[in-house]
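Coordinates as given in input18.txt (compact mmCIF, C-alpha atoms):
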```txt
# COMPACT_ATOMS: atom_id res chain seq x y z
CA MET A 1 -28.69 -22.00 -19.58
CA LYS A 2 -25.69 -24.24 -20.14
CA ILE A 3 -25.79 -23.74 -23.89
CA PHE A 4 -26.06 -20.03 -23.39
CA SER A 5 -22.90 -19.84 -21.30
CA LEU A 6 -21.12 -22.07 -23.80
CA ILE A 7 -21.99 -19.63 -26.57
CA THR A 8 -20.73 -16.71 -24.46
CA VAL A 9 -17.44 -18.46 -23.85
CA ALA A 10 -17.08 -19.20 -27.56
CA ALA A 11 -17.85 -15.59 -28.44
CA VAL A 12 -15.27 -14.25 -26.01
CA PHE A 13 -12.72 -16.74 -27.29
CA CYS A 14 -13.29 -15.77 -30.92
CA ALA A 15 -13.23 -12.06 -30.16
CA SER A 16 -9.86 -12.27 -28.41
CA GLY A 17 -8.59 -14.72 -30.99
CA ALA A 18 -9.32 -12.25 -33.77
CA LYS A 19 -7.24 -9.53 -32.13
CA ALA A 20 -3.47 -9.91 -32.27
CA GLU A 21 -1.82 -10.35 -28.87
CA PRO A 22 0.22 -7.34 -27.81
CA VAL A 23 3.97 -7.66 -28.30
CA ALA A 24 5.44 -9.03 -25.06
CA PRO A 25 7.91 -6.69 -23.29
CA SER A 26 10.81 -9.05 -23.94
CA ASP A 27 9.93 -9.28 -27.66
CA VAL A 28 10.04 -5.55 -28.41
CA LYS A 29 12.62 -4.93 -31.18
CA PHE A 30 14.88 -1.91 -30.90
CA GLU A 31 16.73 -0.74 -34.00
CA ASP A 32 18.88 2.41 -33.92
CA GLY A 33 17.01 3.82 -30.93
CA ALA A 34 13.61 3.18 -32.47
CA VAL A 35 10.76 0.67 -32.18
CA VAL A 36 8.97 0.62 -35.50
CA GLN A 37 6.26 -1.95 -34.82
CA SER A 38 3.18 -0.89 -32.84
CA LEU A 39 2.86 -2.85 -29.60
CA THR A 40 -0.81 -3.62 -30.23
CA GLY A 41 -1.62 -2.91 -33.86
CA ILE A 42 -4.31 -0.52 -32.61
CA VAL A 43 -3.70 3.18 -33.18
CA GLY A 44 -3.39 4.95 -29.84
CA ASP A 45 -6.02 7.34 -28.54
CA PRO A 46 -4.47 10.75 -27.81
CA ALA A 47 -7.18 11.67 -25.27
CA GLU A 48 -6.40 8.53 -23.28
CA GLY A 49 -2.72 9.26 -23.72
CA ARG A 50 -3.17 12.69 -22.17
CA GLU A 51 -4.60 10.97 -19.06
CA VAL A 52 -1.67 8.57 -19.00
CA PHE A 53 0.70 11.54 -19.13
CA LYS A 54 -0.71 13.26 -16.07
CA GLY A 55 -2.13 10.34 -14.05
CA ARG A 56 -0.07 9.84 -10.89
CA LYS A 57 -0.83 6.12 -10.93
CA LEU A 58 -0.35 5.85 -14.71
CA GLY A 59 2.63 7.40 -16.51
CA ASN A 60 3.03 10.36 -14.13
CA CYS A 61 5.16 11.87 -16.89
CA LEU A 62 4.19 15.29 -15.53
CA ALA A 63 6.25 14.51 -12.42
CA CYS A 64 9.37 15.16 -14.51
CA HIS A 65 8.27 17.05 -17.64
CA VAL A 66 6.79 20.54 -17.82
CA ASN A 67 3.88 20.33 -20.27
CA ALA A 68 2.53 23.60 -21.71
CA ASP A 69 -0.51 21.68 -22.98
CA MET A 70 -1.69 21.11 -19.39
CA PRO A 71 -2.06 24.56 -17.82
CA GLU A 72 -4.95 23.18 -15.72
CA GLU A 73 -2.48 21.07 -13.71
CA SER A 74 -0.79 23.01 -10.88
CA PHE A 75 2.37 20.98 -10.51
CA HIS A 76 4.79 20.23 -13.33
CA GLY A 77 8.12 18.62 -12.55
CA GLU A 78 11.44 19.80 -13.99
CA VAL A 79 13.68 16.74 -13.78
CA GLY A 80 13.43 16.09 -17.55
CA PRO A 81 13.19 18.48 -20.52
CA GLU A 82 9.98 20.39 -21.32
CA ILE A 83 7.78 18.18 -23.47
CA ALA A 84 6.36 20.97 -25.70
CA GLY A 85 7.19 20.38 -29.37
CA VAL A 86 8.47 16.87 -28.72
CA ALA A 87 6.87 15.51 -31.94
CA SER A 88 9.05 17.87 -33.96
CA ARG A 89 12.19 16.43 -32.37
CA TRP A 90 11.40 12.71 -32.49
CA GLU A 91 9.70 10.32 -34.93
CA GLU A 92 6.89 8.05 -33.74
CA ALA A 93 9.18 4.99 -33.64
CA GLN A 94 11.73 6.89 -31.55
CA LEU A 95 9.06 8.07 -29.13
CA ARG A 96 7.96 4.44 -28.76
CA ALA A 97 11.52 3.41 -27.90
CA ILE A 98 11.85 6.24 -25.36
CA VAL A 99 8.63 5.29 -23.58
CA VAL A 100 9.13 1.51 -23.72
CA ASN A 101 12.69 1.59 -22.43
CA SER A 102 14.27 5.03 -22.19
CA LYS A 103 17.64 3.50 -21.29
CA MET A 104 17.95 2.18 -24.85
CA VAL A 105 18.00 5.81 -26.00
CA PHE A 106 19.42 7.80 -23.08
CA GLU A 107 22.17 5.95 -21.26
CA ASP A 108 21.80 5.96 -17.46
CA THR A 109 18.70 8.13 -17.55
CA ILE A 110 16.51 8.56 -14.46
CA MET A 111 13.42 8.13 -16.67
CA PRO A 112 11.68 4.83 -15.91
CA SER A 113 11.08 2.17 -18.58
CA PHE A 114 7.34 1.97 -19.00
CA TYR A 115 7.10 -1.33 -20.86
CA ARG A 116 9.66 -3.60 -19.26
CA ASP A 117 8.69 -6.41 -16.89
CA ALA A 118 12.01 -7.98 -15.92
CA GLY A 119 15.48 -7.13 -14.72
CA TYR A 120 14.39 -5.09 -11.69
CA THR A 121 16.01 -5.29 -8.25
CA ARG A 122 13.62 -5.59 -5.28
CA PRO A 123 10.39 -4.66 -7.03
CA LEU A 124 7.68 -3.83 -4.48
CA GLU A 125 5.39 -6.72 -3.57
CA GLY A 126 2.55 -6.76 -6.07
CA PHE A 127 4.64 -5.24 -8.85
CA GLU A 128 6.89 -8.21 -9.62
CA GLY A 129 6.92 -9.15 -13.29
CA MET A 130 4.70 -6.20 -14.19
CA THR A 131 5.14 -3.33 -16.62
CA ILE A 132 4.29 0.22 -15.47
CA LEU A 133 1.97 0.78 -18.43
CA THR A 134 0.01 -1.67 -20.61
CA ALA A 135 0.92 -1.98 -24.29
CA GLN A 136 -2.15 0.03 -25.26
CA GLN A 137 -1.38 2.78 -22.73
CA VAL A 138 2.06 3.09 -24.32
CA GLU A 139 0.46 3.45 -27.77
CA ASP A 140 -2.01 5.99 -26.35
CA VAL A 141 0.70 8.17 -24.82
CA ILE A 142 2.74 8.01 -28.04
CA SER A 143 -0.30 9.21 -30.01
CA TYR A 144 -0.69 12.02 -27.51
CA LEU A 145 2.99 13.03 -27.77
CA GLN A 146 2.59 13.18 -31.55
CA THR A 147 0.06 15.98 -31.13
CA LEU A 148 2.75 18.13 -29.43
CA LYS A 149 4.38 19.78 -32.48
CA GLU A 150 6.41 22.94 -32.55
CA ASP A 151 4.35 25.71 -34.11
CA MET B 1 37.77 47.04 -0.84
CA ASN B 2 37.72 45.62 -4.34
CA ILE B 3 38.58 42.17 -3.11
CA LYS B 4 35.87 42.37 -0.50
CA ALA B 5 33.29 43.33 -3.10
CA LEU B 6 34.49 40.49 -5.28
CA LEU B 7 34.20 38.01 -2.44
CA ALA B 8 30.72 39.28 -1.64
CA GLY B 9 29.88 38.74 -5.28
CA ILE B 10 31.16 35.18 -5.17
CA THR B 11 29.20 34.40 -2.01
CA CYS B 12 26.06 35.82 -3.58
CA PHE B 13 26.65 33.73 -6.64
CA GLY B 14 26.96 30.59 -4.54
CA VAL B 15 23.69 31.25 -2.81
CA ALA B 16 21.98 32.26 -6.04
CA GLY B 17 22.73 28.80 -7.35
CA LEU B 18 20.18 27.46 -4.91
CA ALA B 19 17.87 30.45 -4.64
CA ALA B 20 15.83 29.63 -7.74
CA HIS B 21 13.01 28.65 -5.41
CA ALA B 22 11.72 30.67 -2.49
CA GLY B 23 13.16 30.40 0.98
CA GLN B 24 16.67 29.31 0.18
CA ASP B 25 18.56 32.33 1.31
CA ALA B 26 16.70 32.07 4.63
CA LYS B 27 18.57 31.75 7.93
CA LEU B 28 17.64 29.01 10.36
CA SER B 29 17.81 30.97 13.58
CA ILE B 30 16.18 29.48 16.67
CA ASP B 31 16.17 31.49 19.87
CA GLY B 32 19.01 33.64 18.61
CA GLU B 33 21.15 30.65 17.69
CA VAL B 34 21.93 30.31 13.97
CA LEU B 35 22.12 26.72 12.76
CA THR B 36 24.42 25.71 9.90
CA THR B 37 22.23 24.70 6.95
CA GLN B 38 24.88 24.87 4.24
CA ALA B 39 28.49 23.69 4.20
CA ALA B 40 31.25 22.61 1.87
CA ALA B 41 30.77 18.95 1.01
CA PRO B 42 33.16 16.58 2.81
CA ALA B 43 35.89 15.03 0.68
CA HIS B 44 34.25 11.60 0.73
CA THR B 45 31.16 13.03 -1.00
CA GLU B 46 32.78 13.28 -4.42
CA ASN B 47 29.77 14.34 -6.47
CA LEU B 48 28.67 17.35 -4.43
CA ASP B 49 30.39 20.68 -3.86
CA GLU B 50 28.01 21.99 -1.24
CA ILE B 51 25.68 20.25 1.16
CA TYR B 52 22.33 21.71 2.20
CA SER B 53 19.85 20.98 4.93
CA GLY B 54 16.41 19.86 3.74
CA TRP B 55 15.02 22.89 5.61
CA LEU B 56 16.28 25.18 2.82
CA PHE B 57 14.05 23.44 0.28
CA ARG B 58 10.80 23.84 2.16
CA SER B 59 8.27 26.62 1.69
CA GLY B 60 8.42 29.80 3.79
CA GLU B 61 5.47 28.66 5.92
CA THR B 62 6.98 25.27 6.67
CA GLN B 63 10.36 26.85 7.41
CA ALA B 64 8.77 29.29 9.85
CA LEU B 65 7.41 26.47 12.01
CA GLN B 66 10.95 25.47 12.88
CA LEU B 67 12.09 28.93 13.93
CA ASP B 68 10.34 28.94 17.28
CA ASP B 69 10.06 25.91 19.56
CA PHE B 70 6.59 27.04 20.66
CA ASP B 71 5.35 26.93 17.06
CA ASN B 72 7.19 23.70 16.27
CA PRO B 73 4.63 20.88 16.49
CA GLY B 74 7.46 18.38 17.03
CA PHE B 75 7.93 19.65 20.57
CA VAL B 76 4.60 18.18 21.66
CA PHE B 77 6.28 14.80 21.28
CA VAL B 78 9.51 15.92 22.91
CA ASP B 79 7.44 17.02 25.92
CA GLN B 80 5.77 13.62 26.06
CA ALA B 81 9.21 12.02 26.01
CA ILE B 82 10.29 14.16 28.97
CA ASP B 83 7.48 12.53 30.97
CA GLU B 84 8.38 9.10 29.65
CA TYR B 85 12.01 9.66 30.65
CA SER B 86 11.22 9.55 34.36
CA LYS B 87 8.50 6.92 34.17
CA VAL B 88 9.38 3.58 35.81
CA ASP B 89 8.97 0.64 33.42
CA GLY B 90 10.06 -3.01 33.44
CA SER B 91 11.02 -5.64 36.03
CA ALA B 92 14.02 -3.69 37.42
CA GLY B 93 11.72 -0.89 38.60
CA LYS B 94 13.77 1.81 36.89
CA SER B 95 13.25 4.79 34.62
CA CYS B 96 15.77 6.33 32.26
CA ALA B 97 16.27 9.04 34.85
CA SER B 98 17.28 6.47 37.50
CA CYS B 99 20.59 6.04 35.69
CA HIS B 100 20.84 9.05 33.37
CA GLU B 101 19.90 11.79 35.79
CA ASN B 102 20.12 14.71 33.38
CA VAL B 103 18.99 14.22 29.82
CA GLU B 104 21.26 17.17 28.92
CA ASP B 105 24.22 14.85 29.46
CA PHE B 106 23.39 13.25 26.12
CA ALA B 107 24.62 16.42 24.37
CA GLY B 108 27.14 15.42 21.70
CA LEU B 109 25.74 11.94 21.10
CA ARG B 110 23.36 12.53 18.15
CA PRO B 111 25.94 13.76 15.60
CA THR B 112 28.14 10.67 16.15
CA LEU B 113 25.51 8.02 15.41
CA PRO B 114 25.32 5.41 14.05
CA ARG B 115 28.61 3.98 15.37
CA VAL B 116 30.27 0.61 15.61
CA GLU B 117 30.16 -1.36 18.86
CA GLY B 118 31.89 -4.72 18.77
CA ALA B 119 30.99 -6.27 15.44
CA GLU B 120 27.80 -4.27 15.02
CA LEU B 121 26.68 -0.94 13.73
CA VAL B 122 24.30 0.64 16.26
CA SER B 123 21.82 3.46 15.86
CA MET B 124 20.33 5.52 18.68
CA GLU B 125 17.26 3.27 18.65
CA ASP B 126 19.50 0.28 19.44
CA LEU B 127 21.14 2.07 22.37
CA ILE B 128 17.77 2.97 23.86
CA ASN B 129 16.26 -0.47 23.37
CA ASN B 130 19.39 -2.05 24.80
CA CYS B 131 18.87 -0.09 28.04
CA ARG B 132 15.22 -1.07 28.06
CA THR B 133 15.73 -4.79 27.58
CA GLU B 134 19.09 -5.33 29.33
CA ARG B 135 18.99 -2.74 32.11
CA MET B 136 15.31 -2.10 32.81
CA GLY B 137 13.80 -5.49 32.09
CA ALA B 138 11.29 -3.73 29.83
CA GLU B 139 9.91 -4.48 26.37
CA PRO B 140 11.80 -2.92 23.46
CA TRP B 141 10.03 -0.05 21.72
CA LYS B 142 9.03 -0.33 18.05
CA TRP B 143 11.74 1.20 15.87
CA SER B 144 9.52 3.93 14.42
CA GLY B 145 6.79 3.97 17.07
CA GLY B 146 5.75 7.13 18.92
CA LYS B 147 7.62 6.38 22.16
CA MET B 148 10.86 5.75 20.27
CA THR B 149 10.70 8.76 17.95
CA GLY B 150 9.82 10.99 20.93
CA MET B 151 12.80 9.71 22.90
CA THR B 152 15.26 9.94 19.99
CA ALA B 153 14.07 13.52 19.44
CA LEU B 154 14.50 14.37 23.13
CA ILE B 155 18.02 12.93 23.21
CA GLY B 156 18.78 14.41 19.77
CA VAL B 157 17.70 17.95 20.60
CA GLN B 158 20.36 18.07 23.34
CA SER B 159 22.83 18.23 20.41
CA ARG B 160 20.88 20.78 18.35
CA GLY B 161 23.30 23.05 16.50
CA LEU B 162 26.26 20.68 16.77
CA PRO B 163 27.83 19.59 13.47
CA MET B 164 27.12 16.09 12.16
CA SER B 165 30.25 13.98 12.38
CA VAL B 166 30.17 10.20 12.20
CA ALA B 167 33.24 7.98 12.10
CA ILE B 168 33.59 6.23 8.76
CA ASP B 169 37.06 4.73 8.99
CA GLY B 170 38.41 1.70 10.83
CA ALA B 171 35.70 -0.70 11.95
CA ALA B 172 33.04 1.54 10.39
CA ALA B 173 34.54 1.37 6.90
CA PRO B 174 32.84 -1.83 5.70
CA PHE B 175 29.43 -0.58 6.88
CA TRP B 176 30.03 2.76 5.18
CA GLU B 177 30.98 1.03 1.92
CA LYS B 178 27.84 -1.06 2.05
CA GLY B 179 25.73 2.03 2.70
CA LYS B 180 27.33 3.80 -0.23
CA GLU B 181 26.59 0.85 -2.50
CA LEU B 182 22.94 0.95 -1.45
CA TYR B 183 22.78 4.70 -2.03
CA TYR B 184 23.84 4.33 -5.66
CA LYS B 185 21.96 1.09 -6.39
CA ARG B 186 18.93 1.30 -8.64
CA VAL B 187 15.92 -0.48 -7.18
CA GLY B 188 12.20 -0.95 -7.72
CA GLN B 189 9.95 -0.88 -10.74
CA LEU B 190 10.90 2.76 -11.33
CA ASP B 191 14.51 1.59 -11.29
CA MET B 192 16.03 4.52 -9.42
CA SER B 193 18.72 5.03 -6.81
CA CYS B 194 18.68 7.52 -3.95
CA SER B 195 21.34 9.44 -5.85
CA ASN B 196 19.14 9.80 -8.97
CA CYS B 197 16.85 12.12 -7.04
CA HIS B 198 18.87 13.48 -4.12
CA GLU B 199 22.25 13.95 -5.80
CA ASP B 200 21.59 14.34 -9.55
CA ASN B 201 18.36 16.33 -9.29
CA TYR B 202 18.19 18.15 -5.97
CA ASN B 203 16.79 21.68 -6.16
CA LYS B 204 14.41 20.65 -8.95
CA MET B 205 10.68 20.11 -8.68
CA ILE B 206 9.45 16.54 -9.03
CA ARG B 207 5.75 17.20 -9.56
CA ALA B 208 4.74 19.08 -6.36
CA ASP B 209 7.88 18.27 -4.36
CA HIS B 210 11.02 20.36 -4.22
CA LEU B 211 13.84 17.81 -4.17
CA SER B 212 16.40 18.22 -1.40
CA GLN B 213 19.63 16.31 -0.91
CA GLY B 214 17.80 13.85 1.34
CA GLN B 215 19.95 14.72 4.37
CA ILE B 216 19.20 13.26 7.79
CA ASN B 217 20.52 15.98 10.11
CA GLY B 218 16.92 16.94 10.93
CA PHE B 219 15.74 13.54 12.18
CA PRO B 220 13.47 12.56 13.72
CA THR B 221 11.46 14.99 11.70
CA TYR B 222 7.93 16.26 12.24
CA ARG B 223 6.00 15.93 8.98
CA LEU B 224 2.89 17.95 8.24
CA LYS B 225 1.81 15.06 6.03
CA ASN B 226 1.30 12.63 8.91
CA ALA B 227 1.39 14.99 11.91
CA LYS B 228 3.95 12.99 13.86
CA LEU B 229 7.67 12.48 14.30
CA ASN B 230 9.24 10.26 11.64
CA SER B 231 12.30 8.10 12.08
CA ILE B 232 15.16 8.01 9.60
CA HIS B 233 14.37 4.44 8.58
CA ALA B 234 10.66 5.20 8.10
CA ARG B 235 11.67 7.95 5.67
CA PHE B 236 13.99 5.60 3.78
CA LYS B 237 11.14 3.11 3.61
CA GLY B 238 8.77 5.76 2.23
CA CYS B 239 11.19 6.75 -0.52
CA MET B 240 11.72 3.12 -1.50
CA LYS B 241 7.98 2.47 -1.71
CA ASN B 242 7.54 5.57 -3.86
CA ILE B 243 9.81 4.05 -6.47
CA ARG B 244 7.97 0.75 -6.03
CA ALA B 245 10.91 -0.97 -4.37
CA GLN B 246 10.49 -3.51 -1.58
CA PRO B 247 11.89 -1.61 1.43
CA PHE B 248 14.51 -3.08 3.73
CA LYS B 249 13.57 -3.79 7.34
CA GLU B 250 13.57 -0.86 9.78
CA GLY B 251 16.46 -1.41 12.19
CA GLY B 252 18.07 -3.93 9.83
CA ASP B 253 21.69 -3.91 8.67
CA GLU B 254 20.92 -2.40 5.26
CA PHE B 255 19.13 0.67 6.60
CA LYS B 256 21.69 1.16 9.37
CA SER B 257 24.52 1.10 6.82
CA LEU B 258 22.59 3.52 4.62
CA GLU B 259 22.02 5.72 7.68
CA LEU B 260 25.75 5.79 8.38
CA TYR B 261 26.59 6.65 4.78
CA ILE B 262 23.99 9.41 4.54
CA ALA B 263 24.98 10.80 7.95
CA SER B 264 28.54 11.06 6.61
CA ARG B 265 27.26 13.09 3.64
CA ALA B 266 25.89 15.64 6.13
CA GLU B 267 29.23 16.23 7.85
CA GLY B 268 29.22 19.82 9.09
CA LEU B 269 25.46 20.44 8.89
CA ALA B 270 23.83 21.21 12.23
CA VAL B 271 21.68 18.71 14.08
CA GLU B 272 18.15 20.12 13.71
CA THR B 273 15.82 17.65 15.35
CA PRO B 274 12.90 17.99 15.75
CA SER B 275 12.87 19.58 12.30
CA VAL B 276 9.68 20.34 10.40
CA ARG B 277 9.05 19.10 6.87
CA ASN B 278 6.00 18.66 4.68
```

Let me see the file written as structure tokens.
Amino acid sequence: MKIFSLITVAAVFCASGAKAEPVAPSDVKFEDGAVVQSLTGIVGDPAEGREVFKGRKLGNCLACHVNADMPEESFHGEVGPEIAGVASRWEEAQLRAIVVNSKMVFEDTIMPSFYRDAGYTRPLEGFEGMTILTAQQVEDVISYLQTLKED
Amino acid sequence: MNIKALLAGITCFGVAGLAAHAGQDAKLSIDGEVLTTQAAAPAHTENLDEIYSGWLFRSGETQALQLDDFDNPGFVFVDQAIDEYSKVDGSAGKSCASCHENVEDFAGLRPTLPRVEGAELVSMEDLINNCRTERMGAEPWKWSGGKMTGMTALIGVQSRGLPMSVAIDGAAAPFWEKGKELYYKRVGQLDMSCSNCHEDNYNKMIRADHLSQGQINGFPTYRLKNAKLNSIHARFKGCMKNIRAQPFKEGGDEFKSLELYIASRAEGLAVETPSVRN
């Protein structure tokens, strides 16, 4: 019994040790409005990214961006530009910069920074020191955005 | 004739600016009295040309509920407050009516609040609770509780139709400045200010919500969402939580300053309470 749990612990340790840690929010490198390095080293899943885009408790990107790819959703916000064809306007590394910290690309924008955990004033209890999305959710939504090309 | 047609054209153009969504050329007429829902922005509101009541941004069905006091669900609570008004409470054995015989005499008060008394900024809730604790020997009511919102609506409706007009100079100036600072300050994990939504983006949809200018001339407001009257500070609190910001305390200095500043942005709009919103 004891040996068994020891083995489990070792296995978990090795598994997580093998995977690279995600880049911490404060370590993300911006160069000319772009973030070249993946936050996780794992290619994002566009299907998951689609959920992040519309999920009210996830990215809730749909609150501000009309998305022609989601006709099944009744309410699309219009605070930001329509998202259709976004992959034809921005490179992957630029999209990563926009999602991680939009203010590095668009000065004074209303768009939240989805992978920033510090520098906030009066964050709600329970959200202190947290990012809105996880590193992998950011990669997922970027992969999803890359499917939205102008045709 | 030509000039008249031109002017008509200009007026239409002004309205068309807002009429992208349904219901915005509607008239708020209650019992034959037309309430002012649109006005030129006051000089101290630099970033807006026109100010609009939140009523204009609601759907036709929601708007309709405010056109007739019998249909307006907010009046259930005003009626309860009428009973409360003459109910004896506290160690002095008095009711509001013992000293304020006619509630109608409060006409003119709502549009001037909050105001400075001594070194403090006071909202209507403070005035009422002051009478309860100092003059009636009764417990204060909770800032956003049902008894308080009913009473502020009852006193407020005596001023329905009168233009909002708070004092912002003299002793009020420092409070107003503080409120303005809070209005433009980004807060919360979403890192937004009130102005990001209610000044920069009003008249746009944010998901299912049609953004208004966040005016407070309709408060307390009956919301279909929670089927009760909502205080100004409770609404501020809700907006802060939505952007994942730790709200200030209801009845505290921050919210009262913000209330003064936002009330000043509504200068000229009619008092509407109890208004109906979703």

Please identify every residue of chain B that has at least one atom no farther than 12 Å from an atom of chain A, counting all atoms listed in the file, and for each give the shortest atom pair and the distance in Å to one decimal, arranged by chain then increasing number, as JSON lines.
```
{"residue": "B:Leu182", "atom": "CA", "partner": "A:Thr121", "partner_atom": "CA", "distance": 11.5}
{"residue": "B:Lys185", "atom": "CA", "partner": "A:Thr121", "partner_atom": "CA", "distance": 8.9}
{"residue": "B:Arg186", "atom": "CA", "partner": "A:Thr121", "partner_atom": "CA", "distance": 7.2}
{"residue": "B:Val187", "atom": "CA", "partner": "A:Thr121", "partner_atom": "CA", "distance": 4.9}
{"residue": "B:Gly188", "atom": "CA", "partner": "A:Pro123", "partner_atom": "CA", "distance": 4.2}
{"residue": "B:Gln189", "atom": "CA", "partner": "A:Pro123", "partner_atom": "CA", "distance": 5.3}
{"residue": "B:Leu190", "atom": "CA", "partner": "A:Pro112", "partner_atom": "CA", "distance": 5.1}
{"residue": "B:Asp191", "atom": "CA", "partner": "A:Pro112", "partner_atom": "CA", "distance": 6.3}
{"residue": "B:Met192", "atom": "CA", "partner": "A:Ile110", "partner_atom": "CA", "distance": 6.5}
{"residue": "B:Ser193", "atom": "CA", "partner": "A:Ile110", "partner_atom": "CA", "distance": 8.7}
{"residue": "B:Cys194", "atom": "CA", "partner": "A:Ile110", "partner_atom": "CA", "distance": 10.8}
{"residue": "B:Ser195", "atom": "CA", "partner": "A:Ile110", "partner_atom": "CA", "distance": 9.9}
{"residue": "B:Asn196", "atom": "CA", "partner": "A:Ile110", "partner_atom": "CA", "distance": 6.2}
{"residue": "B:Cys197", "atom": "CA", "partner": "A:Ile110", "partner_atom": "CA", "distance": 8.2}
{"residue": "B:His198", "atom": "CA", "partner": "A:Val79", "partner_atom": "CA", "distance": 11.4}
{"residue": "B:Glu199", "atom": "CA", "partner": "A:Ile110", "partner_atom": "CA", "distance": 11.7}
{"residue": "B:Asp200", "atom": "CA", "partner": "A:Ile110", "partner_atom": "CA", "distance": 9.1}
{"residue": "B:Asn201", "atom": "CA", "partner": "A:Val79", "partner_atom": "CA", "distance": 6.5}
{"residue": "B:Tyr202", "atom": "CA", "partner": "A:Val79", "partner_atom": "CA", "distance": 9.1}
{"residue": "B:Asn203", "atom": "CA", "partner": "A:Val79", "partner_atom": "CA", "distance": 9.6}
{"residue": "B:Lys204", "atom": "CA", "partner": "A:Glu78", "partner_atom": "CA", "distance": 5.9}
{"residue": "B:Met205", "atom": "CA", "partner": "A:Gly77", "partner_atom": "CA", "distance": 4.9}
{"residue": "B:Ile206", "atom": "CA", "partner": "A:Gly77", "partner_atom": "CA", "distance": 4.3}
{"residue": "B:Arg207", "atom": "CA", "partner": "A:Ala63", "partner_atom": "CA", "distance": 4.0}
{"residue": "B:Ala208", "atom": "CA", "partner": "A:Phe75", "partner_atom": "CA", "distance": 5.1}
{"residue": "B:Asp209", "atom": "CA", "partner": "A:Gly77", "partner_atom": "CA", "distance": 8.2}
{"residue": "B:His210", "atom": "CA", "partner": "A:Gly77", "partner_atom": "CA", "distance": 9.0}
{"residue": "B:Leu211", "atom": "CA", "partner": "A:Val79", "partner_atom": "CA", "distance": 9.7}
{"residue": "B:Lys237", "atom": "CA", "partner": "A:Leu124", "partner_atom": "CA", "distance": 11.2}
{"residue": "B:Gly238", "atom": "CA", "partner": "A:Leu124", "partner_atom": "CA", "distance": 11.8}
{"residue": "B:Cys239", "atom": "CA", "partner": "A:Leu124", "partner_atom": "CA", "distance": 11.8}
{"residue": "B:Met240", "atom": "CA", "partner": "A:Leu124", "partner_atom": "CA", "distance": 8.6}
{"residue": "B:Lys241", "atom": "CA", "partner": "A:Leu124", "partner_atom": "CA", "distance": 6.9}
{"residue": "B:Asn242", "atom": "CA", "partner": "A:Leu124", "partner_atom": "CA", "distance": 9.4}
{"residue": "B:Ile243", "atom": "CA", "partner": "A:Leu124", "partner_atom": "CA", "distance": 8.4}
{"residue": "B:Arg244", "atom": "CA", "partner": "A:Leu124", "partner_atom": "CA", "distance": 4.8}
{"residue": "B:Ala245", "atom": "CA", "partner": "A:Leu124", "partner_atom": "CA", "distance": 4.3}
{"residue": "B:Gln246", "atom": "CA", "partner": "A:Leu124", "partner_atom": "CA", "distance": 4.1}
{"residue": "B:Pro247", "atom": "CA", "partner": "A:Leu124", "partner_atom": "CA", "distance": 7.6}
{"residue": "B:Phe248", "atom": "CA", "partner": "A:Arg122", "partner_atom": "CA", "distance": 9.4}
```

From the list B:Ala119, B:Val103, B:Leu127, B:Ala138, which residue is nearest Gly90 (chain B) when using all atoms listed in the file?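 Checking each of B:Ala119, B:Val103, B:Leu127, B:Ala138 against Gly90 (chain B), counting all atoms listed in the file, the winner is B:Ala138.
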
Selected residue, from B:Glu134, B:Asp69, B:Val271, B:Thr62, that lies nearest to Lys225 (chain B) when counting only C-alpha atoms: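 Looking at the shortest contact to Lys225 (chain B), the residue is B:Thr62.
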
I need the residue nearest Gly170 (chain B) from this list: B:Gln66, B:Arg115, B:Ala41, B:Pro220. Use only C-alpha atoms for the distance.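 Result for the nearest residue to Gly170 (chain B): B:Arg115.
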
Please provide the set of residues having any atom within 12 Å of Glu101 (chain B), restricted to all atoms listed in the file, with same-chain residues fewer than 6 positions apart removed, written as a list in words. Tyr85, Ser86, Lys94 and Ser95 of chain B

Selection: 10 Å around Thr134 (chain A), all atoms listed in the file, excl. self and same-chain fewer than 3 positions, as a PDB file with C-alpha atoms, keeping the file's coordinate frame:
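out_2.pdb written:
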```pdb
ATOM      1  CA  PRO A  22       0.220  -7.340 -27.810  1.00  0.00           C
ATOM      2  CA  PRO A  25       7.910  -6.690 -23.290  1.00  0.00           C
ATOM      3  CA  LEU A  39       2.860  -2.850 -29.600  1.00  0.00           C
ATOM      4  CA  THR A  40      -0.810  -3.620 -30.230  1.00  0.00           C
ATOM      5  CA  LEU A  58      -0.350   5.850 -14.710  1.00  0.00           C
ATOM      6  CA  PHE A 114       7.340   1.970 -19.000  1.00  0.00           C
ATOM      7  CA  TYR A 115       7.100  -1.330 -20.860  1.00  0.00           C
ATOM      8  CA  ARG A 116       9.660  -3.600 -19.260  1.00  0.00           C
ATOM      9  CA  MET A 130       4.700  -6.200 -14.190  1.00  0.00           C
ATOM     10  CA  THR A 131       5.140  -3.330 -16.620  1.00  0.00           C
ATOM     11  CA  GLN A 137      -1.380   2.780 -22.730  1.00  0.00           C
ATOM     12  CA  VAL A 138       2.060   3.090 -24.320  1.00  0.00           C
ATOM     13  CA  GLU A 139       0.460   3.450 -27.770  1.00  0.00           C
ATOM     14  CA  ASP A 140      -2.010   5.990 -26.350  1.00  0.00           C
TER      15      ASP A 140
END
```

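Of the residues listed (B:Arg132, B:Lys180, B:Arg160, B:Lys256), B:Arg132 shows the shortest atom-to-atom separation from Ser91 (chain B); distances use all atoms listed in the file.
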
Computed interatomic separation between CA of Val76 (chain B) and CA of Asn130 (chain B) (Å): 25.3 Å
